[in-house]
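Text of data.pdb (PDB, C-alpha atoms and all ligand atoms) as supplied:
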```pdb
ATOM      1  CA  MET A 269      97.246 112.898 146.071
ATOM      2  CA  SER A 270      95.172 110.593 143.940
ATOM      3  CA  THR A 271      91.645 111.485 142.934
ATOM      4  CA  THR A 272      89.047 108.909 141.995
ATOM      5  CA  VAL A 273      86.972 109.317 138.885
ATOM      6  CA  ASP A 274      83.835 109.805 140.970
ATOM      7  CA  GLU A 275      85.405 112.470 143.145
ATOM      8  CA  MET A 276      86.623 114.263 140.113
ATOM      9  CA  SER A 277      83.259 113.964 138.474
ATOM     10  CA  ARG A 278      81.557 115.429 141.565
ATOM     11  CA  ARG A 279      84.055 118.256 141.708
ATOM     12  CA  THR A 280      83.765 119.133 138.057
ATOM     13  CA  GLY A 281      80.038 118.473 137.867
ATOM     14  CA  ALA A 282      80.678 116.325 134.809
ATOM     15  CA  MET A 283      77.622 114.516 133.527
ATOM     16  CA  SER A 284      76.952 110.865 134.258
ATOM     17  CA  SER A 285      76.206 108.347 131.515
ATOM     18  CA  ALA A 286      72.496 108.520 132.335
ATOM     19  CA  GLU A 287      72.446 112.293 131.949
ATOM     20  CA  LEU A 288      74.553 111.814 128.922
ATOM     21  CA  SER A 289      72.110 109.617 127.058
ATOM     22  CA  GLY A 290      69.437 112.323 127.099
ATOM     23  CA  GLU A 291      72.078 114.771 126.037
ATOM     24  CA  ARG A 292      73.222 112.586 123.169
ATOM     25  CA  GLU A 293      69.768 112.117 121.713
ATOM     26  CA  SER A 294      69.304 115.844 121.321
ATOM     27  CA  ARG A 295      72.872 116.167 120.116
ATOM     28  CA  ALA A 296      73.161 119.309 122.182
ATOM     29  CA  THR A 297      76.630 120.658 122.714
ATOM     30  CA  VAL A 298      77.515 121.586 126.270
ATOM     31  CA  GLY A 299      78.770 125.164 126.530
ATOM     32  CA  ASP A 300      78.177 128.244 124.452
ATOM     33  CA  VAL A 301      78.866 127.629 120.770
ATOM     34  CA  THR A 302      78.435 131.320 119.972
ATOM     35  CA  VAL A 303      80.819 134.253 120.374
ATOM     36  CA  ALA A 304      80.161 137.990 120.458
ATOM     37  CA  ASN A 305      82.254 138.704 117.363
ATOM     38  CA  PRO A 306      81.866 135.786 114.976
ATOM     39  CA  ARG A 307      83.813 135.584 111.760
ATOM     40  CA  MET A 308      82.458 132.154 110.848
ATOM     41  CA  VAL A 309      79.094 130.831 111.952
ATOM     42  CA  CYS A 310      78.406 127.101 111.519
ATOM     43  CA  ARG A 311      74.948 125.741 112.235
ATOM     44  CA  ASP A 312      73.647 122.158 112.214
ATOM     45  CA  VAL A 313      76.446 120.932 110.003
ATOM     46  CA  ASP A 314      76.196 117.304 108.927
ATOM     47  CA  VAL A 315      78.848 115.616 106.818
ATOM     48  CA  TRP A 316      78.428 112.283 105.084
ATOM     49  CA  TYR A 317      80.953 110.097 103.301
ATOM     50  CA  GLY A 318      78.551 108.026 101.210
ATOM     51  CA  ALA A 319      76.213 106.396 103.738
ATOM     52  CA  LYS A 320      78.485 107.055 106.723
ATOM     53  CA  GLN A 321      77.846 110.171 108.769
ATOM     54  CA  ALA A 322      81.099 111.730 110.005
ATOM     55  CA  ILE A 323      79.779 115.008 111.471
ATOM     56  CA  LYS A 324      76.431 115.206 113.258
ATOM     57  CA  GLY A 325      74.608 118.492 113.622
ATOM     58  CA  VAL A 326      77.591 120.579 114.679
ATOM     59  CA  SER A 327      77.108 124.278 115.453
ATOM     60  CA  LEU A 328      80.090 126.462 116.293
ATOM     61  CA  ASP A 329      81.205 130.071 115.867
ATOM     62  CA  ILE A 330      84.779 131.065 115.170
ATOM     63  CA  GLY A 331      85.439 134.532 116.501
ATOM     64  CA  LYS A 332      87.583 137.362 115.241
ATOM     65  CA  ASN A 333      91.108 137.353 116.642
ATOM     66  CA  GLU A 334      90.749 134.070 118.421
ATOM     67  CA  VAL A 335      92.352 130.673 118.219
ATOM     68  CA  VAL A 336      89.899 127.794 118.567
ATOM     69  CA  SER A 337      91.359 124.364 119.071
ATOM     70  CA  MET A 338      89.565 121.202 118.070
ATOM     71  CA  ILE A 339      90.435 118.106 120.018
ATOM     72  CA  GLY A 340      89.132 114.568 120.321
ATOM     73  CA  PRO A 341      90.021 110.942 119.640
ATOM     74  CA  SER A 342      91.247 109.815 116.240
ATOM     75  CA  GLY A 343      88.401 109.475 113.742
ATOM     76  CA  CYS A 344      86.001 111.772 115.638
ATOM     77  CA  GLY A 345      85.725 114.151 112.678
ATOM     78  CA  LYS A 346      88.101 117.019 113.481
ATOM     79  CA  SER A 347      89.699 117.135 110.031
ATOM     80  CA  THR A 348      86.341 116.587 108.350
ATOM     81  CA  PHE A 349      84.834 119.544 110.187
ATOM     82  CA  LEU A 350      87.869 121.735 109.525
ATOM     83  CA  ARG A 351      87.645 120.947 105.813
ATOM     84  CA  CYS A 352      83.999 122.110 105.779
ATOM     85  CA  LEU A 353      85.155 125.604 106.651
ATOM     86  CA  ASN A 354      86.780 126.217 103.276
ATOM     87  CA  ARG A 355      84.913 123.627 101.242
ATOM     88  CA  MET A 356      87.905 121.345 100.937
ATOM     89  CA  ASN A 357      85.453 118.452 101.339
ATOM     90  CA  ASP A 358      84.089 119.391  97.893
ATOM     91  CA  THR A 359      87.184 117.731  96.475
ATOM     92  CA  ILE A 360      86.376 114.358  98.106
ATOM     93  CA  ASP A 361      84.169 112.023  96.056
ATOM     94  CA  GLY A 362      80.972 111.025  97.833
ATOM     95  CA  CYS A 363      81.317 113.632 100.560
ATOM     96  CA  ARG A 364      78.147 115.613 101.276
ATOM     97  CA  VAL A 365      77.844 118.616 103.586
ATOM     98  CA  THR A 366      74.509 120.014 104.821
ATOM     99  CA  GLY A 367      73.597 122.762 107.278
ATOM    100  CA  SER A 368      74.871 126.281 107.096
ATOM    101  CA  ILE A 369      78.335 127.811 107.272
ATOM    102  CA  GLN A 370      78.750 131.553 106.940
ATOM    103  CA  LEU A 371      81.843 133.699 106.596
ATOM    104  CA  ASP A 372      81.144 137.323 107.504
ATOM    105  CA  GLY A 373      77.421 136.690 107.029
ATOM    106  CA  GLN A 374      77.748 135.031 103.626
ATOM    107  CA  ASP A 375      76.809 131.387 103.092
ATOM    108  CA  ILE A 376      79.999 129.745 101.802
ATOM    109  CA  TYR A 377      77.978 126.864 100.322
ATOM    110  CA  ASP A 378      75.870 129.237  98.234
ATOM    111  CA  LYS A 379      75.612 127.823  94.705
ATOM    112  CA  GLY A 380      76.942 131.030  93.208
ATOM    113  CA  LEU A 381      80.018 131.136  95.405
ATOM    114  CA  ASP A 382      83.366 130.277  93.844
ATOM    115  CA  PRO A 383      85.370 128.065  96.241
ATOM    116  CA  VAL A 384      88.724 129.183  94.803
ATOM    117  CA  PRO A 385      88.739 132.723  96.281
ATOM    118  CA  LEU A 386      87.048 131.276  99.383
ATOM    119  CA  ARG A 387      90.124 129.099  99.954
ATOM    120  CA  ALA A 388      92.255 132.243  99.924
ATOM    121  CA  GLN A 389      89.959 133.893 102.501
ATOM    122  CA  VAL A 390      89.937 130.708 104.564
ATOM    123  CA  GLY A 391      93.431 129.311 104.107
ATOM    124  CA  MET A 392      94.699 125.933 105.230
ATOM    125  CA  VAL A 393      97.942 124.618 106.662
ATOM    126  CA  PHE A 394      98.317 120.849 106.671
ATOM    127  CA  GLN A 395      99.869 118.289 108.972
ATOM    128  CA  LYS A 396     102.808 117.601 106.702
ATOM    129  CA  PRO A 397     104.532 120.707 105.357
ATOM    130  CA  ASN A 398     103.808 120.662 101.616
ATOM    131  CA  PRO A 399     105.826 123.343  99.821
ATOM    132  CA  PHE A 400     105.478 123.357  96.048
ATOM    133  CA  PRO A 401     108.523 122.122  94.111
ATOM    134  CA  LYS A 402     109.448 125.731  93.437
ATOM    135  CA  SER A 403     111.727 128.347  94.936
ATOM    136  CA  ILE A 404     111.043 129.873  98.347
ATOM    137  CA  TYR A 405     110.048 133.100  96.595
ATOM    138  CA  GLU A 406     107.678 131.362  94.182
ATOM    139  CA  ASN A 407     106.035 129.362  96.955
ATOM    140  CA  VAL A 408     104.916 132.583  98.600
ATOM    141  CA  ALA A 409     104.221 134.475  95.352
ATOM    142  CA  TYR A 410     102.137 131.641  93.879
ATOM    143  CA  GLY A 411      98.735 132.537  95.314
ATOM    144  CA  ALA A 412      99.223 136.237  94.727
ATOM    145  CA  ARG A 413      99.879 135.516  91.046
ATOM    146  CA  ILE A 414      96.827 133.254  90.709
ATOM    147  CA  HIS A 415      94.536 135.736  92.409
ATOM    148  CA  GLY A 416      96.092 138.758  90.680
ATOM    149  CA  LEU A 417      96.819 140.515  93.959
ATOM    150  CA  THR A 418      99.792 142.601  92.841
ATOM    151  CA  ASN A 419     100.410 144.865  89.843
ATOM    152  CA  ASN A 420     104.145 144.597  89.331
ATOM    153  CA  LYS A 421     107.341 142.896  90.441
ATOM    154  CA  ALA A 422     108.105 145.464  93.145
ATOM    155  CA  GLU A 423     104.697 144.919  94.758
ATOM    156  CA  LEU A 424     105.121 141.161  94.559
ATOM    157  CA  ASP A 425     108.599 141.390  96.121
ATOM    158  CA  GLU A 426     107.120 143.464  98.915
ATOM    159  CA  LEU A 427     104.285 140.975  99.479
ATOM    160  CA  VAL A 428     106.684 138.020  99.552
ATOM    161  CA  SER A 429     108.963 139.693 102.070
ATOM    162  CA  ALA A 430     106.068 140.921 104.260
ATOM    163  CA  SER A 431     104.488 137.438 104.294
ATOM    164  CA  LEU A 432     107.780 135.757 105.180
ATOM    165  CA  GLN A 433     108.267 138.284 107.968
ATOM    166  CA  LYS A 434     104.804 137.654 109.388
ATOM    167  CA  ALA A 435     105.542 133.933 109.291
ATOM    168  CA  GLY A 436     108.779 134.529 111.217
ATOM    169  CA  LEU A 437     110.931 133.097 108.429
ATOM    170  CA  TRP A 438     112.370 136.167 106.672
ATOM    171  CA  ASN A 439     115.711 136.345 108.479
ATOM    172  CA  GLU A 440     116.417 132.691 107.795
ATOM    173  CA  VAL A 441     115.663 132.801 104.061
ATOM    174  CA  LYS A 442     116.154 136.354 102.812
ATOM    175  CA  ASP A 443     119.500 135.467 101.202
ATOM    176  CA  ARG A 444     118.263 132.286  99.530
ATOM    177  CA  LEU A 445     114.855 133.170  98.116
ATOM    178  CA  ASP A 446     115.674 131.510  94.806
ATOM    179  CA  GLN A 447     116.460 128.164  96.398
ATOM    180  CA  PRO A 448     113.889 125.334  96.532
ATOM    181  CA  GLY A 449     111.319 125.481  99.353
ATOM    182  CA  THR A 450     111.721 121.743  99.762
ATOM    183  CA  GLY A 451     115.347 122.298 100.849
ATOM    184  CA  LEU A 452     114.286 123.940 104.123
ATOM    185  CA  SER A 453     113.978 122.110 107.440
ATOM    186  CA  GLY A 454     110.555 120.745 108.402
ATOM    187  CA  GLY A 455     109.819 123.640 110.753
ATOM    188  CA  GLN A 456     110.961 126.161 108.161
ATOM    189  CA  GLN A 457     108.830 124.444 105.514
ATOM    190  CA  GLN A 458     105.790 124.711 107.757
ATOM    191  CA  ARG A 459     106.453 128.438 108.270
ATOM    192  CA  LEU A 460     106.867 128.737 104.494
ATOM    193  CA  CYS A 461     103.423 127.173 104.085
ATOM    194  CA  ILE A 462     102.063 129.638 106.632
ATOM    195  CA  ALA A 463     103.696 132.507 104.670
ATOM    196  CA  ARG A 464     102.090 131.161 101.488
ATOM    197  CA  THR A 465      98.703 131.148 103.222
ATOM    198  CA  ILE A 466      99.168 134.651 104.642
ATOM    199  CA  ALA A 467     100.261 136.066 101.261
ATOM    200  CA  VAL A 468      96.718 135.904  99.883
ATOM    201  CA  SER A 469      95.268 137.936 102.798
ATOM    202  CA  PRO A 470      93.120 135.337 104.521
ATOM    203  CA  GLU A 471      90.632 136.145 107.254
ATOM    204  CA  VAL A 472      90.704 132.660 108.715
ATOM    205  CA  ILE A 473      93.565 130.163 108.872
ATOM    206  CA  LEU A 474      92.782 126.483 109.358
ATOM    207  CA  MET A 475      95.562 124.298 110.714
ATOM    208  CA  ASP A 476      95.275 120.522 110.828
ATOM    209  CA  GLU A 477      97.858 119.218 113.304
ATOM    210  CA  PRO A 478     100.433 121.704 111.982
ATOM    211  CA  CYS A 479     103.179 120.631 114.388
ATOM    212  CA  SER A 480     102.782 116.876 114.429
ATOM    213  CA  ALA A 481     105.724 116.402 112.048
ATOM    214  CA  LEU A 482     107.953 118.890 113.901
ATOM    215  CA  ASP A 483     110.441 118.671 116.755
ATOM    216  CA  PRO A 484     109.775 120.515 120.038
ATOM    217  CA  ILE A 485     111.820 123.576 119.075
ATOM    218  CA  ALA A 486     110.146 124.008 115.699
ATOM    219  CA  THR A 487     106.807 123.391 117.441
ATOM    220  CA  ALA A 488     107.485 126.138 119.985
ATOM    221  CA  ILE A 489     108.307 128.567 117.169
ATOM    222  CA  ILE A 490     105.049 127.761 115.351
ATOM    223  CA  GLU A 491     103.045 128.049 118.567
ATOM    224  CA  GLU A 492     104.504 131.493 119.216
ATOM    225  CA  LEU A 493     103.685 132.432 115.664
ATOM    226  CA  ILE A 494     100.073 131.259 116.044
ATOM    227  CA  ASP A 495      99.730 133.548 119.044
ATOM    228  CA  GLU A 496     101.063 136.508 117.033
ATOM    229  CA  LEU A 497      98.859 135.737 114.031
ATOM    230  CA  ARG A 498      95.776 135.947 116.208
ATOM    231  CA  ALA A 499      96.098 139.736 116.137
ATOM    232  CA  ASN A 500      95.115 139.690 112.468
ATOM    233  CA  TYR A 501      93.396 136.403 111.779
ATOM    234  CA  SER A 502      90.929 133.900 113.165
ATOM    235  CA  ILE A 503      92.545 130.522 113.604
ATOM    236  CA  ALA A 504      91.041 127.055 113.952
ATOM    237  CA  ILE A 505      93.596 124.419 114.868
ATOM    238  CA  VAL A 506      93.229 120.657 115.172
ATOM    239  CA  THR A 507      95.676 119.155 117.599
ATOM    240  CA  HIS A 508      96.297 115.872 119.391
ATOM    241  CA  SER A 509      98.344 117.683 121.978
ATOM    242  CA  MET A 510      96.280 118.974 124.851
ATOM    243  CA  GLN A 511      99.283 120.958 126.028
ATOM    244  CA  GLN A 512      99.352 122.655 122.671
ATOM    245  CA  ALA A 513      95.624 123.409 122.769
ATOM    246  CA  ALA A 514      96.106 124.867 126.254
ATOM    247  CA  ARG A 515      99.061 126.970 125.123
ATOM    248  CA  VAL A 516      97.707 128.428 121.894
ATOM    249  CA  SER A 517      93.926 128.614 122.034
ATOM    250  CA  GLN A 518      91.369 130.741 123.816
ATOM    251  CA  ARG A 519      88.487 128.337 123.170
ATOM    252  CA  THR A 520      88.493 124.580 122.833
ATOM    253  CA  ALA A 521      85.972 122.303 121.138
ATOM    254  CA  TYR A 522      85.839 118.625 122.056
ATOM    255  CA  PHE A 523      84.588 116.227 119.364
ATOM    256  CA  HIS A 524      83.535 112.616 119.861
ATOM    257  CA  LEU A 525      82.249 110.268 117.125
ATOM    258  CA  GLY A 526      81.097 113.134 114.932
ATOM    259  CA  ASP A 527      79.402 115.115 117.681
ATOM    260  CA  LEU A 528      80.653 118.371 119.124
ATOM    261  CA  ILE A 529      80.345 117.377 122.769
ATOM    262  CA  GLU A 530      81.527 120.479 124.528
ATOM    263  CA  VAL A 531      82.962 123.868 123.799
ATOM    264  CA  GLY A 532      84.213 126.505 126.173
ATOM    265  CA  GLU A 533      87.097 128.654 127.237
ATOM    266  CA  THR A 534      90.230 126.568 126.988
ATOM    267  CA  ASN A 535      91.008 126.972 130.645
ATOM    268  CA  GLN A 536      87.545 125.772 131.639
ATOM    269  CA  ILE A 537      87.659 122.773 129.299
ATOM    270  CA  PHE A 538      90.951 121.581 130.782
ATOM    271  CA  THR A 539      90.308 122.364 134.436
ATOM    272  CA  ASN A 540      86.553 122.059 134.782
ATOM    273  CA  PRO A 541      85.001 120.070 131.923
ATOM    274  CA  LYS A 542      81.232 119.857 132.179
ATOM    275  CA  HIS A 543      80.692 116.748 130.083
ATOM    276  CA  ARG A 544      81.807 113.314 131.177
ATOM    277  CA  LEU A 545      83.202 112.458 127.745
ATOM    278  CA  THR A 546      85.346 115.595 127.737
ATOM    279  CA  GLU A 547      86.576 114.775 131.193
ATOM    280  CA  ASP A 548      87.411 111.201 130.201
ATOM    281  CA  TYR A 549      89.409 112.451 127.248
ATOM    282  CA  ILE A 550      91.371 115.162 128.984
ATOM    283  CA  THR A 551      92.192 112.934 131.922
ATOM    284  CA  GLY A 552      93.556 110.376 129.474
ATOM    285  CA  ARG A 553      90.969 107.712 130.055
ATOM    286  CA  PHE A 554      90.607 107.191 126.336
ATOM    287  CA  GLY A 555      91.739 108.626 123.012
TER     288      GLY A 555
HETATM  289  N1  LIG B 601      87.724 110.578 102.412
HETATM  290  C1  LIG B 601      87.008 109.845 103.261
HETATM  291  N2  LIG B 601      86.176 108.884 102.819
HETATM  292  C2  LIG B 601      85.445 108.137 103.686
HETATM  293  N3  LIG B 601      85.459 108.287 105.018
HETATM  294  C3  LIG B 601      86.274 109.216 105.522
HETATM  295  C4  LIG B 601      87.092 110.047 104.686
HETATM  296  N4  LIG B 601      87.796 110.895 105.483
HETATM  297  C5  LIG B 601      87.434 110.597 106.734
HETATM  298  N5  LIG B 601      86.522 109.590 106.769
HETATM  299  C6  LIG B 601      85.894 109.017 107.966
HETATM  300  O1  LIG B 601      85.243 110.053 108.689
HETATM  301  C7  LIG B 601      85.485 109.922 110.094
HETATM  302  C8  LIG B 601      86.166 111.191 110.606
HETATM  303  O2  LIG B 601      87.476 111.247 110.042
HETATM  304  P1  LIG B 601      88.443 112.477 110.272
HETATM  305  O3  LIG B 601      89.621 112.264 109.415
HETATM  306  O4  LIG B 601      87.687 113.734 110.105
HETATM  307  O5  LIG B 601      88.815 112.287 111.815
HETATM  308  P2  LIG B 601      89.897 113.040 112.705
HETATM  309  O6  LIG B 601      89.217 113.409 113.963
HETATM  310  O7  LIG B 601      90.548 114.110 111.925
HETATM  311  O8  LIG B 601      90.934 111.868 113.008
HETATM  312  P3  LIG B 601      92.538 111.937 113.233
HETATM  313  O9  LIG B 601      92.725 112.494 114.607
HETATM  314  O10 LIG B 601      92.952 110.493 113.137
HETATM  315  O11 LIG B 601      93.116 112.798 112.150
HETATM  316  C9  LIG B 601      86.317 108.670 110.276
HETATM  317  O12 LIG B 601      85.445 107.611 110.572
HETATM  318  C10 LIG B 601      86.952 108.461 108.916
HETATM  319  O13 LIG B 601      87.209 107.110 108.670
HETATM  320 MG    MG B 602      92.501 114.432 111.261
END
```
Translate this file's structure into structure tokens.
Ligand SMILES: Nc1ncnc2c1ncn2[C@@H]1O[C@H](COP(=O)(O)OP(=O)(O)OP(=O)(O)O)[C@@H](O)[C@H]1O
Ligand SMILES: [Mg+2]
Amino acid sequence: MSTTVDEMSRRTGAMSSAELSGERESRATVGDVTVANPRMVCRDVDVWYGAKQAIKGVSLDIGKNEVVSMIGPSGCGKSTFLRCLNRMNDTIDGCRVTGSIQLDGQDIYDKGLDPVPLRAQVGMVFQKPNPFPKSIYENVAYGARIHGLTNNKAELDELVSASLQKAGLWNEVKDRLDQPGTGLSGGQQQRLCIARTIAVSPEVILMDEPCSALDPIATAIIEELIDELRANYSIAIVTHSMQQAARVSQRTAYFHLGDLIEVGETNQIFTNPKHRLTEDYITGRFG
């Protein structure tokens, strides 16, 4: 049975353009941006690339043991916002971040804060698997060495094997730890990158389209893994796949042209979006 846009809009209570314009001026996000148990708290975050504003007054909590997915059309600022959470934008010339972002109550943009350990606490997995040109073992051991996390070879061996197990890769690589990480399949490489991130004991894992270079089977394995990792970590994932957001996340945030338009429980966002722009996106009208 076909449903017209207006019927759907009435049913979902999505906002009209007129309501929207008032909404847009105040830049208010529809839905509750807070959670009861926040690990990260972002408030009024603006990001500029030179004179161009890419993120506009975004406030969002990331809770303990939850997966938050960030969706929205290309160029809406998902990656930019994700990179704010571990100060990866610091590495981009001309990029300026204002507002406040806290991890466990501490301002991560505090002048005295060293971004290097921060990036271990808030780790990142990228779109394209990017193992170092080193052995499988060394890929996972790398961060632990830099951060001085282990005291001897036995401890490091233990950390490498535990991290590979948590990333669901141990059984496939335990007999070839000395072989290059780049020799693994794409899906295995991505799990290797996840193991490398886990090895330095993060609290939060950021994933920017982690499955977009993977086939459906490798994607399913990573999605299962994300669900398991939630027991120990907070996860923020950017995805272009609404099915993936629905499968892996408990909350979903919809971005549009630098604004965080709506946030809510994933199920609500996909079945009963409150904002017209969210509805347009999830029903495939644009993006
Ligand atoms: N390094 C940069 N320098 C200048 N502008 C940038 C830079 N990175 C991103 N932008 C701009 O900021 C805006 C947001 O980009 P961003 O990459 O965050 O979007 P996105 O939602 O992740 O898009 P996609 O889904 O295509 O990955 C875009 O207009 C983009 O052109
Ligand atoms: Mg992006």
The PyMOL selection byres (((chain A and resi 427-435) around 8) and not hetatm) applied to the shown file, residues as a PDB file with C-alpha atoms, in the frame of the given file:
```pdb
ATOM      1  CA  TYR A 405     110.048 133.100  96.595  1.00  0.00           C
ATOM      2  CA  VAL A 408     104.916 132.583  98.600  1.00  0.00           C
ATOM      3  CA  ALA A 409     104.221 134.475  95.352  1.00  0.00           C
ATOM      4  CA  GLU A 423     104.697 144.919  94.758  1.00  0.00           C
ATOM      5  CA  LEU A 424     105.121 141.161  94.559  1.00  0.00           C
ATOM      6  CA  ASP A 425     108.599 141.390  96.121  1.00  0.00           C
ATOM      7  CA  GLU A 426     107.120 143.464  98.915  1.00  0.00           C
ATOM      8  CA  GLY A 436     108.779 134.529 111.217  1.00  0.00           C
ATOM      9  CA  LEU A 437     110.931 133.097 108.429  1.00  0.00           C
ATOM     10  CA  TRP A 438     112.370 136.167 106.672  1.00  0.00           C
ATOM     11  CA  ASN A 439     115.711 136.345 108.479  1.00  0.00           C
ATOM     12  CA  LYS A 442     116.154 136.354 102.812  1.00  0.00           C
ATOM     13  CA  ARG A 459     106.453 128.438 108.270  1.00  0.00           C
ATOM     14  CA  LEU A 460     106.867 128.737 104.494  1.00  0.00           C
ATOM     15  CA  ILE A 462     102.063 129.638 106.632  1.00  0.00           C
ATOM     16  CA  ALA A 463     103.696 132.507 104.670  1.00  0.00           C
ATOM     17  CA  ARG A 464     102.090 131.161 101.488  1.00  0.00           C
ATOM     18  CA  ILE A 466      99.168 134.651 104.642  1.00  0.00           C
ATOM     19  CA  ALA A 467     100.261 136.066 101.261  1.00  0.00           C
ATOM     20  CA  LEU A 493     103.685 132.432 115.664  1.00  0.00           C
ATOM     21  CA  LEU A 497      98.859 135.737 114.031  1.00  0.00           C
TER      22      LEU A 497
END
```
Target residues per the PyMOL selection byres (((not hetatm)) within 10 of (chain B and resi 602)), formatted as a VMD selection string: chain A and resid 339 to 351 394 to 395 476 to 477 506 to 508
How about saving the chosen residues, C-alpha atoms kept, as a CSV table (one decimal), in the coordinates of the input?
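The resulting file, result17.csv, is shown below:
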```
chain,number,residue,atom,x,y,z
A,339,ILE,CA,90.4,118.1,120.0
A,340,GLY,CA,89.1,114.6,120.3
A,341,PRO,CA,90.0,110.9,119.6
A,342,SER,CA,91.2,109.8,116.2
A,343,GLY,CA,88.4,109.5,113.7
A,344,CYS,CA,86.0,111.8,115.6
A,345,GLY,CA,85.7,114.2,112.7
A,346,LYS,CA,88.1,117.0,113.5
A,347,SER,CA,89.7,117.1,110.0
A,348,THR,CA,86.3,116.6,108.4
A,349,PHE,CA,84.8,119.5,110.2
A,350,LEU,CA,87.9,121.7,109.5
A,351,ARG,CA,87.6,120.9,105.8
A,394,PHE,CA,98.3,120.8,106.7
A,395,GLN,CA,99.9,118.3,109.0
A,476,ASP,CA,95.3,120.5,110.8
A,477,GLU,CA,97.9,119.2,113.3
A,506,VAL,CA,93.2,120.7,115.2
A,507,THR,CA,95.7,119.2,117.6
A,508,HIS,CA,96.3,115.9,119.4
```
12 Å contact set for range 359-361 of chain A, all atoms listed in the file, chain neighbours under 2 positions out, as a list in words: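 Using all atoms listed in the file, the neighbours found are Val315, Trp316, Tyr317, Gly318, Thr348, Arg351, Cys352, Asn354, Arg355, Met356, Asn357, Cys363, Arg364, Val365, Pro383 and Val384 of chain A.
Note on the selection: in this file the PyMOL selection byres (((chain A and resi 334) around 7) and not hetatm) comes out as Gly331, Lys332, Asn333, Val335, Val336, Arg498, Ser502, Ile503 and Gln518 of chain A.
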Counting only C-alpha atoms and all ligand atoms, the option among A:Tyr522, A:Phe400, A:Tyr410, A:Tyr501 closest to ligand LIG 601 (chain B): A:Tyr522
Atom C7 of ligand LIG 601 (chain B) to CA of Ala521 in chain A, straight-line distance in Å: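 One can read the CA of Ala521 in chain A to atom C7 of ligand LIG 601 (chain B) distance as 16.6 Å.
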